[in-house]
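Reproduced below: my_file.cif, with mmCIF, C-alpha atoms.
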data_protein
loop_
_atom_site.label_atom_id
_atom_site.label_comp_id
_atom_site.auth_asym_id
_atom_site.auth_seq_id
_atom_site.Cartn_x
_atom_site.Cartn_y
_atom_site.Cartn_z
CA MET A 681 -58.79 -67.02 15.60
CA LYS A 682 -62.47 -66.44 16.30
CA ILE A 683 -64.99 -64.65 14.14
CA SER A 684 -66.08 -62.46 17.08
CA GLN A 685 -62.68 -60.77 17.21
CA SER A 686 -62.65 -57.02 16.63
CA LEU A 687 -60.57 -55.42 13.89
CA ARG A 688 -58.13 -54.32 16.57
CA GLU A 689 -57.81 -57.88 17.85
CA LEU A 690 -57.44 -59.34 14.35
CA ILE A 691 -54.43 -57.11 13.70
CA SER A 692 -52.95 -57.71 17.14
CA ASN A 693 -53.31 -61.50 16.93
CA CYS A 694 -52.22 -61.84 13.29
CA THR A 695 -48.88 -63.53 12.63
CA LEU A 696 -48.18 -61.14 9.74
CA PRO A 697 -46.40 -57.83 10.30
CA ALA A 698 -48.95 -55.27 11.49
CA ASN A 699 -48.60 -53.09 8.38
CA GLU A 700 -49.36 -56.04 6.10
CA ALA A 701 -52.32 -57.12 8.25
CA ARG A 702 -53.74 -53.60 8.00
CA ILE A 703 -53.42 -53.57 4.21
CA LEU A 704 -55.30 -56.88 3.87
CA LEU A 705 -57.95 -55.88 6.39
CA ALA A 706 -58.50 -52.51 4.73
CA HIS A 707 -59.03 -54.37 1.45
CA LEU A 708 -61.76 -56.48 3.06
CA LEU A 709 -63.44 -53.47 4.66
CA GLU A 710 -63.67 -51.79 1.28
CA LYS A 711 -64.80 -54.94 -0.53
CA HIS A 712 -67.42 -56.21 1.92
CA PHE A 713 -68.53 -53.09 3.80
CA GLN A 714 -67.62 -50.18 1.47
CA LEU A 715 -65.63 -48.67 4.33
CA PRO A 716 -62.44 -46.59 3.93
CA ARG A 717 -59.08 -47.54 5.42
CA SER A 718 -59.71 -45.04 8.23
CA ALA A 719 -62.31 -47.47 9.63
CA LEU A 720 -59.39 -49.52 10.97
CA LEU A 721 -59.12 -46.77 13.59
CA SER A 722 -62.57 -45.21 13.75
CA ARG A 723 -64.39 -48.54 13.93
CA ASP A 724 -61.69 -50.82 15.31
CA ASP A 725 -64.20 -52.52 17.64
CA MET A 726 -66.33 -53.93 14.79
CA SER A 727 -66.16 -57.60 13.74
CA LEU A 728 -66.18 -59.17 10.30
CA ASN A 729 -69.11 -61.19 9.09
CA GLU A 730 -68.60 -64.88 8.36
CA GLN A 731 -67.86 -64.43 4.66
CA ALA A 732 -65.35 -61.65 5.23
CA PHE A 733 -63.71 -63.55 8.10
CA GLU A 734 -63.20 -66.64 5.94
CA GLU A 735 -61.64 -64.48 3.24
CA TRP A 736 -59.43 -62.83 5.89
CA GLU A 737 -58.09 -66.22 6.92
CA SER A 738 -57.47 -67.11 3.28
CA LEU A 739 -55.63 -63.84 2.55
CA VAL A 740 -53.45 -64.22 5.63
CA SER A 741 -52.60 -67.80 4.65
CA ARG A 742 -51.64 -66.78 1.12
CA ARG A 743 -49.38 -64.03 2.43
CA LEU A 744 -47.79 -66.34 5.00
CA HIS A 745 -46.89 -68.64 2.09
CA GLY A 746 -45.07 -65.73 0.47
CA GLU A 747 -47.53 -64.58 -2.21
CA PRO A 748 -46.98 -60.86 -2.93
CA ILE A 749 -49.59 -58.54 -1.47
CA ALA A 750 -50.06 -56.89 -4.88
CA TYR A 751 -51.10 -60.23 -6.39
CA ILE A 752 -53.38 -61.00 -3.44
CA LEU A 753 -55.17 -57.66 -3.81
CA GLY A 754 -54.96 -57.71 -7.61
CA LYS A 755 -53.82 -54.10 -7.72
CA LYS A 756 -50.86 -51.84 -7.05
CA GLY A 757 -50.47 -48.08 -6.81
CA PHE A 758 -47.80 -46.57 -9.04
CA HIS A 759 -46.87 -42.91 -9.55
CA ASN A 760 -50.30 -41.24 -9.73
CA ILE A 761 -52.42 -44.21 -10.86
CA GLU A 762 -53.64 -47.60 -9.64
CA LEU A 763 -53.03 -50.66 -11.79
CA GLN A 764 -54.47 -54.14 -12.02
CA VAL A 765 -51.66 -56.66 -11.58
CA GLY A 766 -51.44 -60.42 -11.55
CA PRO A 767 -48.91 -63.26 -11.81
CA GLY A 768 -48.44 -62.57 -15.54
CA VAL A 769 -46.75 -59.20 -14.98
CA LEU A 770 -43.99 -57.66 -12.92
CA ILE A 771 -45.22 -55.83 -9.83
CA PRO A 772 -44.55 -52.09 -10.40
CA ARG A 773 -41.99 -50.75 -7.94
CA PRO A 774 -41.35 -47.23 -6.63
CA GLU A 775 -37.87 -47.04 -8.18
CA THR A 776 -39.38 -47.41 -11.65
CA GLU A 777 -41.27 -44.15 -11.13
CA LEU A 778 -37.91 -42.54 -11.86
CA LEU A 779 -38.33 -43.42 -15.56
CA VAL A 780 -41.75 -41.75 -15.56
CA ASP A 781 -40.28 -38.59 -14.04
CA ILE A 782 -37.43 -38.51 -16.59
CA ALA A 783 -39.91 -38.85 -19.46
CA LEU A 784 -42.28 -36.23 -18.04
CA SER A 785 -39.41 -33.78 -17.63
CA GLU A 786 -38.44 -34.26 -21.28
CA ILE A 787 -42.04 -33.88 -22.44
CA ALA A 788 -42.33 -30.63 -20.46
CA LYS A 789 -39.15 -29.29 -22.06
CA LEU A 790 -40.37 -30.11 -25.56
CA ASN A 791 -43.74 -28.48 -24.81
CA LYS A 792 -45.38 -29.93 -27.90
CA PRO A 793 -47.15 -33.16 -28.94
CA THR A 794 -44.65 -35.89 -28.04
CA LYS A 795 -44.30 -39.50 -29.17
CA VAL A 796 -43.13 -41.95 -26.50
CA LEU A 797 -42.18 -45.62 -26.83
CA ASP A 798 -42.36 -47.90 -23.77
CA LEU A 799 -40.53 -51.17 -24.42
CA GLY A 800 -41.60 -54.11 -22.24
CA THR A 801 -44.61 -52.39 -20.75
CA GLY A 802 -45.82 -55.21 -18.47
CA SER A 803 -48.89 -53.91 -16.64
CA GLY A 804 -48.59 -50.63 -18.55
CA ALA A 805 -47.28 -48.82 -15.48
CA ILE A 806 -44.79 -46.49 -17.16
CA ALA A 807 -46.80 -45.70 -20.29
CA LEU A 808 -50.08 -45.13 -18.47
CA SER A 809 -48.48 -42.99 -15.78
CA ILE A 810 -46.93 -40.80 -18.46
CA ALA A 811 -50.18 -40.58 -20.38
CA SER A 812 -52.25 -39.70 -17.32
CA THR A 813 -49.95 -36.76 -16.52
CA ALA A 814 -49.05 -35.57 -20.03
CA PRO A 815 -52.17 -35.35 -22.24
CA MET A 816 -50.09 -34.04 -25.17
CA ALA A 817 -48.09 -37.27 -25.29
CA SER A 818 -49.03 -40.23 -27.48
CA LEU A 819 -47.57 -43.57 -26.52
CA LEU A 820 -46.81 -46.96 -28.01
CA ALA A 821 -46.37 -49.67 -25.37
CA THR A 822 -44.93 -53.04 -26.36
CA ASP A 823 -44.48 -56.43 -24.76
CA ARG A 824 -43.79 -59.90 -26.07
CA SER A 825 -46.21 -61.41 -23.53
CA ALA A 826 -49.85 -61.62 -24.64
CA GLU A 827 -50.86 -62.05 -21.00
CA ALA A 828 -49.07 -58.87 -19.97
CA LEU A 829 -50.59 -56.91 -22.85
CA ALA A 830 -54.07 -58.07 -21.88
CA ILE A 831 -53.55 -56.67 -18.38
CA ALA A 832 -52.04 -53.45 -19.75
CA LYS A 833 -54.97 -52.95 -22.12
CA HIS A 834 -57.42 -53.52 -19.26
CA ASN A 835 -55.60 -50.88 -17.23
CA ALA A 836 -55.73 -48.46 -20.15
CA GLN A 837 -59.48 -48.97 -20.44
CA PHE A 838 -60.01 -48.56 -16.69
CA LEU A 839 -58.00 -45.30 -16.74
CA ASN A 840 -59.72 -44.08 -19.92
CA LEU A 841 -56.40 -43.81 -21.77
CA THR A 842 -57.06 -46.09 -24.75
CA GLU A 843 -56.94 -43.25 -27.28
CA GLN A 844 -53.64 -41.97 -25.96
CA VAL A 845 -51.84 -45.30 -25.51
CA GLN A 846 -51.56 -47.95 -28.23
CA PHE A 847 -50.19 -51.46 -27.73
CA SER A 848 -48.12 -53.79 -29.89
CA GLN A 849 -46.91 -57.35 -29.28
CA GLY A 850 -43.34 -58.32 -30.02
CA ASN A 851 -39.83 -58.58 -28.64
CA TRP A 852 -38.37 -55.11 -28.14
CA TYR A 853 -38.11 -53.21 -31.44
CA GLU A 854 -39.65 -56.11 -33.38
CA ALA A 855 -43.00 -54.74 -32.22
CA VAL A 856 -42.30 -51.34 -33.77
CA SER A 857 -42.52 -50.29 -37.40
CA PRO A 858 -39.07 -49.37 -38.78
CA GLN A 859 -40.48 -46.06 -39.99
CA ASN A 860 -41.86 -45.13 -36.56
CA GLN A 861 -39.68 -42.62 -34.72
CA PHE A 862 -40.12 -41.23 -31.23
CA ASP A 863 -39.13 -38.27 -29.11
CA VAL A 864 -38.63 -40.47 -26.03
CA ILE A 865 -37.94 -44.17 -25.45
CA VAL A 866 -38.26 -45.65 -21.96
CA SER A 867 -37.76 -49.22 -20.80
CA ASN A 868 -37.51 -51.26 -17.62
CA PRO A 869 -36.18 -54.52 -19.10
CA PRO A 870 -35.18 -57.73 -17.32
CA TYR A 871 -31.76 -56.97 -15.86
CA ILE A 872 -31.18 -59.51 -13.09
CA ALA A 873 -28.43 -61.95 -14.02
CA ASN A 874 -29.22 -65.64 -14.34
CA GLN A 875 -28.68 -67.57 -11.08
CA ASP A 876 -28.83 -64.36 -9.00
CA PRO A 877 -29.96 -65.49 -5.52
CA HIS A 878 -32.55 -62.69 -5.35
CA LEU A 879 -34.64 -64.60 -7.91
CA THR A 880 -35.43 -67.22 -5.24
CA GLN A 881 -36.28 -64.71 -2.51
CA GLY A 882 -39.31 -62.67 -1.48
CA ASP A 883 -41.86 -61.50 -4.05
CA LEU A 884 -39.55 -62.35 -6.95
CA ARG A 885 -40.33 -66.06 -6.45
CA PHE A 886 -43.87 -65.42 -7.67
CA GLU A 887 -43.23 -62.98 -10.52
CA PRO A 888 -42.69 -64.09 -14.15
CA PRO A 889 -38.97 -64.92 -14.51
CA SER A 890 -38.86 -63.52 -18.05
CA ALA A 891 -39.77 -60.08 -16.65
CA LEU A 892 -36.90 -60.25 -14.16
CA THR A 893 -33.93 -61.97 -15.78
CA ASP A 894 -32.48 -62.18 -19.27
CA TYR A 895 -31.19 -65.68 -18.39
CA ALA A 896 -27.69 -64.35 -19.07
CA SER A 897 -25.47 -61.58 -17.69
CA GLY A 898 -28.32 -59.18 -16.93
CA LEU A 899 -27.17 -56.82 -19.69
CA SER A 900 -28.31 -58.57 -22.87
CA CYS A 901 -31.75 -56.90 -23.08
CA LEU A 902 -30.26 -53.52 -22.21
CA GLU A 903 -27.73 -53.99 -25.02
CA ILE A 904 -30.48 -54.64 -27.58
CA ILE A 905 -32.56 -51.68 -26.43
CA ILE A 906 -29.66 -49.24 -26.36
CA ALA A 907 -28.22 -50.44 -29.68
CA GLY A 908 -31.55 -49.98 -31.47
CA ALA A 909 -32.36 -46.56 -30.05
CA ASP A 910 -30.74 -44.56 -32.83
CA LYS A 911 -33.03 -46.09 -35.48
CA HIS A 912 -36.19 -45.27 -33.54
CA LEU A 913 -35.39 -41.91 -31.96
CA LYS A 914 -35.78 -38.58 -33.68
CA PRO A 915 -32.61 -36.44 -33.84
CA GLY A 916 -31.95 -35.22 -30.31
CA GLY A 917 -34.38 -37.79 -28.91
CA LEU A 918 -33.99 -39.21 -25.42
CA ILE A 919 -33.73 -42.80 -24.24
CA ALA A 920 -33.92 -43.72 -20.54
CA VAL A 921 -33.56 -47.24 -19.14
CA GLU A 922 -33.75 -48.75 -15.68
CA HIS A 923 -30.92 -51.03 -14.60
CA GLY A 924 -29.57 -52.86 -11.56
CA PHE A 925 -27.92 -50.99 -8.70
CA ASP A 926 -24.49 -52.28 -9.76
CA GLN A 927 -24.88 -51.90 -13.55
CA SER A 928 -24.65 -48.13 -13.94
CA GLU A 929 -21.09 -48.03 -15.25
CA ALA A 930 -21.73 -50.81 -17.77
CA VAL A 931 -24.93 -49.18 -19.06
CA VAL A 932 -23.24 -45.80 -19.43
CA GLU A 933 -20.51 -47.47 -21.50
CA LEU A 934 -23.13 -49.17 -23.66
CA MET A 935 -24.75 -45.80 -24.38
CA LYS A 936 -21.47 -44.09 -25.19
CA GLY A 937 -20.43 -47.07 -27.28
CA VAL A 938 -23.34 -46.62 -29.70
CA GLY A 939 -22.76 -42.88 -30.03
CA LEU A 940 -25.37 -41.51 -27.66
CA ILE A 941 -24.52 -38.13 -26.17
CA ASP A 942 -25.45 -36.24 -23.00
CA VAL A 943 -25.34 -39.54 -21.11
CA GLN A 944 -26.55 -39.09 -17.54
CA VAL A 945 -27.09 -41.30 -14.50
CA HIS A 946 -30.10 -41.00 -12.20
CA LEU A 947 -30.50 -41.91 -8.53
CA ASP A 948 -33.57 -43.60 -7.07
CA LEU A 949 -35.08 -42.63 -3.71
CA ALA A 950 -32.77 -45.08 -1.93
CA GLY A 951 -29.72 -43.29 -3.36
CA HIS A 952 -28.80 -46.07 -5.82
CA PHE A 953 -27.89 -45.46 -9.45
CA ARG A 954 -31.07 -46.87 -11.00
CA ALA A 955 -31.43 -45.36 -14.48
CA ALA A 956 -29.35 -43.97 -17.29
CA SER A 957 -30.33 -41.68 -20.16
CA GLY A 958 -28.76 -40.50 -23.38
CA ARG A 959 -29.61 -38.67 -26.58
CA THR A 960 -29.15 -39.12 -30.29
CA ARG A 961 -27.25 -36.41 -32.10
CA LEU A 962 -29.12 -33.59 -33.78
#

Rewrite the structure from the file as structure tokens, please.
Amino acid sequence: MKISQSLRELISNCTLPANEARILLAHLLEKHFQLPRSALLSRDDMSLNEQAFEEWESLVSRRLHGEPIAYILGKKGFHNIELQVGPGVLIPRPETELLVDIALSEIAKLNKPTKVLDLGTGSGAIALSIASTAPMASLLATDRSAEALAIAKHNAQFLNLTEQVQFSQGNWYEAVSPQNQFDVIVSNPPYIANQDPHLTQGDLRFEPPSALTDYASGLSCLEIIIAGADKHLKPGGLIAVEHGFDQSEAVVELMKGVGLIDVQVHLDLAGHFRAASGRTRL
């Protein structure tokens, strides 16, 4: 590739899929020239300067070696916010927005100040999305990873949500005071079974394994979260968890097995059973 190539030619000649090339190039236009993504069309005859062109080659190389675009850019859009992400946290995915929507629906029904617990917050995606939409909600977001919590706290500061969202380090309910009870608990725990071939494919190769798999059946973390819900939910409180596309029946049984009522399943945009919710008794 030559530095004199136009934006149009860079995309056309790139060995990446065109949509990925456009994402990386738009990132460079914003970073080096303060130009919007629309410049890929309105100014497609312009060329990059030497510094931007060298970075373009580097970004393309990283992507060709499989590094996730979200890690390359250092950010990822989720629900109605943009988050800083890095190798220390799971990349937020569209299907997880389902948990946000379930929580927001419950908060709207309650129509009062609401306490929400987000277990295994990672980048803070779920908690911060809820907080940004529901100003009456107060949230506690937990994670056992100090690296993940550092990223989540940075995101909270960037989004000006530090007063609404608090953070605590620890493994699941160990990070929560026994006396602390919530109206809503949400969690997207590791649910991929150990040795699942997906762990060695695509973006998952670069993400922290502990955020993806429980190193067991895929259900062990879900079991802990569901079993402990009754102690940390107010009477009639709601818990919603994300799970694998083939785990719905098992998760529903776990919820019924600990006495949760009004157990429901929820479909993601692809039509897969992706979340389950239940309530404690009044």

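Pairwise distance (atom CA of A:Ala788, atom CA of A:Ala811) equals 12.7 Å.
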
Sort by chain and increasing residue number a table of all residues of stretch 866-889 of chain A within 10 Å of stretch 802-809 of chain A, each with its closest pair of atoms and their distance in Å to one decimal, counting only C-alpha atoms, and write it as a Markdown table.
| residue | atom | partner | partner_atom | distance |
| --- | --- | --- | --- | --- |
| A:Val866 | CA | A:Ile806 | CA | 8.1 |
| A:Ser867 | CA | A:Ile806 | CA | 8.4 |
| A:Asn868 | CA | A:Ile806 | CA | 8.7 |
| A:Pro869 | CA | A:Gly802 | CA | 9.7 |

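Using all atoms listed in the file, the residues found no farther than 12 Å from A:Ser890, other than those of its own chain fewer than 3 positions away, are Pro767, Gly768, Val769, Leu770, Gly800, Gly802, Asp823, Arg824, Ser825, Ala828, Asn851, Pro869, Pro870, Tyr871, Ile872, Ala873, Asn874, Leu879, Leu884, Arg885, Phe886, Glu887, Thr893, Asp894, Tyr895, Ala896, Gly898 and Cys901 of chain A.
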
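For the pair atom CA of A:Ala955 and atom CA of A:Leu841, the interatomic distance is 26.1 Å.
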
Centre and size of axis-aligned box enclosing stretch 851-857 of chain A plus 5 Å each side, as JSON:
{"center_x": -40.6, "center_y": -54.4, "center_z": -32.8, "size_x": 14.9, "size_y": 18.3, "size_z": 19.3}

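A cut-off of 9 Å from the point (-55.0, -64.0, 0.0), with all atoms listed in the file, picks out the residues A:Leu704, A:Glu735, A:Trp736, A:Glu737, A:Ser738, A:Leu739, A:Val740, A:Ser741, A:Arg742, A:Arg743, A:Glu747, A:Ile749, A:Tyr751, A:Ile752, A:Leu753.
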
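Atom CA of A:Val796 sits 14.8 Å away from atom CA of A:Gly958.
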
Notebook entry, point to check: What do you get, as a PyMOL selection string, if you spell out every residue that the PyMOL selection byres ((chain A and resi 831) around 10) selects here?
Noted result: chain A and resi 763-766+768-769+802-804+826-830+832-837

Run the PyMOL selection byres ((chain A and resi 909-923) around 7) mentally over the shown coordinates, then write out the matched residues as a PDB file with C-alpha atoms, in the coordinates of the input, using the chain letters and numbers from the document.
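Below is the file selection.pdb, written as the result:
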ATOM      1  CA  LEU A 779     -38.330 -43.420 -15.560  1.00  0.00           C
ATOM      2  CA  ASN A 860     -41.860 -45.130 -36.560  1.00  0.00           C
ATOM      3  CA  GLN A 861     -39.680 -42.620 -34.720  1.00  0.00           C
ATOM      4  CA  PHE A 862     -40.120 -41.230 -31.230  1.00  0.00           C
ATOM      5  CA  ASP A 863     -39.130 -38.270 -29.110  1.00  0.00           C
ATOM      6  CA  VAL A 864     -38.630 -40.470 -26.030  1.00  0.00           C
ATOM      7  CA  ILE A 865     -37.940 -44.170 -25.450  1.00  0.00           C
ATOM      8  CA  VAL A 866     -38.260 -45.650 -21.960  1.00  0.00           C
ATOM      9  CA  SER A 867     -37.760 -49.220 -20.800  1.00  0.00           C
ATOM     10  CA  ASN A 868     -37.510 -51.260 -17.620  1.00  0.00           C
ATOM     11  CA  TYR A 871     -31.760 -56.970 -15.860  1.00  0.00           C
ATOM     12  CA  ILE A 905     -32.560 -51.680 -26.430  1.00  0.00           C
ATOM     13  CA  ILE A 906     -29.660 -49.240 -26.360  1.00  0.00           C
ATOM     14  CA  ALA A 907     -28.220 -50.440 -29.680  1.00  0.00           C
ATOM     15  CA  GLY A 908     -31.550 -49.980 -31.470  1.00  0.00           C
ATOM     16  CA  GLY A 924     -29.570 -52.860 -11.560  1.00  0.00           C
ATOM     17  CA  PHE A 925     -27.920 -50.990  -8.700  1.00  0.00           C
ATOM     18  CA  GLN A 927     -24.880 -51.900 -13.550  1.00  0.00           C
ATOM     19  CA  SER A 928     -24.650 -48.130 -13.940  1.00  0.00           C
ATOM     20  CA  ARG A 954     -31.070 -46.870 -11.000  1.00  0.00           C
ATOM     21  CA  ALA A 955     -31.430 -45.360 -14.480  1.00  0.00           C
ATOM     22  CA  ALA A 956     -29.350 -43.970 -17.290  1.00  0.00           C
ATOM     23  CA  SER A 957     -30.330 -41.680 -20.160  1.00  0.00           C
ATOM     24  CA  GLY A 958     -28.760 -40.500 -23.380  1.00  0.00           C
ATOM     25  CA  ARG A 959     -29.610 -38.670 -26.580  1.00  0.00           C
ATOM     26  CA  THR A 960     -29.150 -39.120 -30.290  1.00  0.00           C
ATOM     27  CA  ARG A 961     -27.250 -36.410 -32.100  1.00  0.00           C
ATOM     28  CA  LEU A 962     -29.120 -33.590 -33.780  1.00  0.00           C
TER      29      LEU A 962
END

Given the file shown, determine the residues that the PyMOL selection byres ((chain A and resi 715-732) around 7) selects; report them as an mmCIF file with C-alpha atoms, in the frame of the given file.
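The file below, part.cif, is the result:
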data_model
loop_
_atom_site.group_PDB
_atom_site.id
_atom_site.type_symbol
_atom_site.label_atom_id
_atom_site.label_comp_id
_atom_site.auth_asym_id
_atom_site.auth_seq_id
_atom_site.Cartn_x
_atom_site.Cartn_y
_atom_site.Cartn_z
ATOM 1 C CA ILE A 683 -64.990 -64.650 14.140
ATOM 2 C CA SER A 684 -66.080 -62.460 17.080
ATOM 3 C CA GLN A 685 -62.680 -60.770 17.210
ATOM 4 C CA SER A 686 -62.650 -57.020 16.630
ATOM 5 C CA LEU A 687 -60.570 -55.420 13.890
ATOM 6 C CA ARG A 688 -58.130 -54.320 16.570
ATOM 7 C CA ALA A 706 -58.500 -52.510 4.730
ATOM 8 C CA LEU A 708 -61.760 -56.480 3.060
ATOM 9 C CA LEU A 709 -63.440 -53.470 4.660
ATOM 10 C CA GLU A 710 -63.670 -51.790 1.280
ATOM 11 C CA HIS A 712 -67.420 -56.210 1.920
ATOM 12 C CA PHE A 713 -68.530 -53.090 3.800
ATOM 13 C CA GLN A 714 -67.620 -50.180 1.470
ATOM 14 C CA PHE A 733 -63.710 -63.550 8.100
ATOM 15 C CA GLU A 734 -63.200 -66.640 5.940
ATOM 16 C CA GLU A 735 -61.640 -64.480 3.240
ATOM 17 C CA TRP A 736 -59.430 -62.830 5.890
#

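Among the candidate residues A:Phe953, A:Ser818, A:Leu784, A:Gly746, the one lying nearest to A:Gln844 is A:Ser818, with distances computed using only C-alpha atoms.
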
Next item on the list: Can you work out which one of A:Leu799, A:Ala750, A:Val931, A:Ile691 has the shortest atom-to-atom distance to A:Leu819, counting only C-alpha atoms?
Entry: A:Leu799
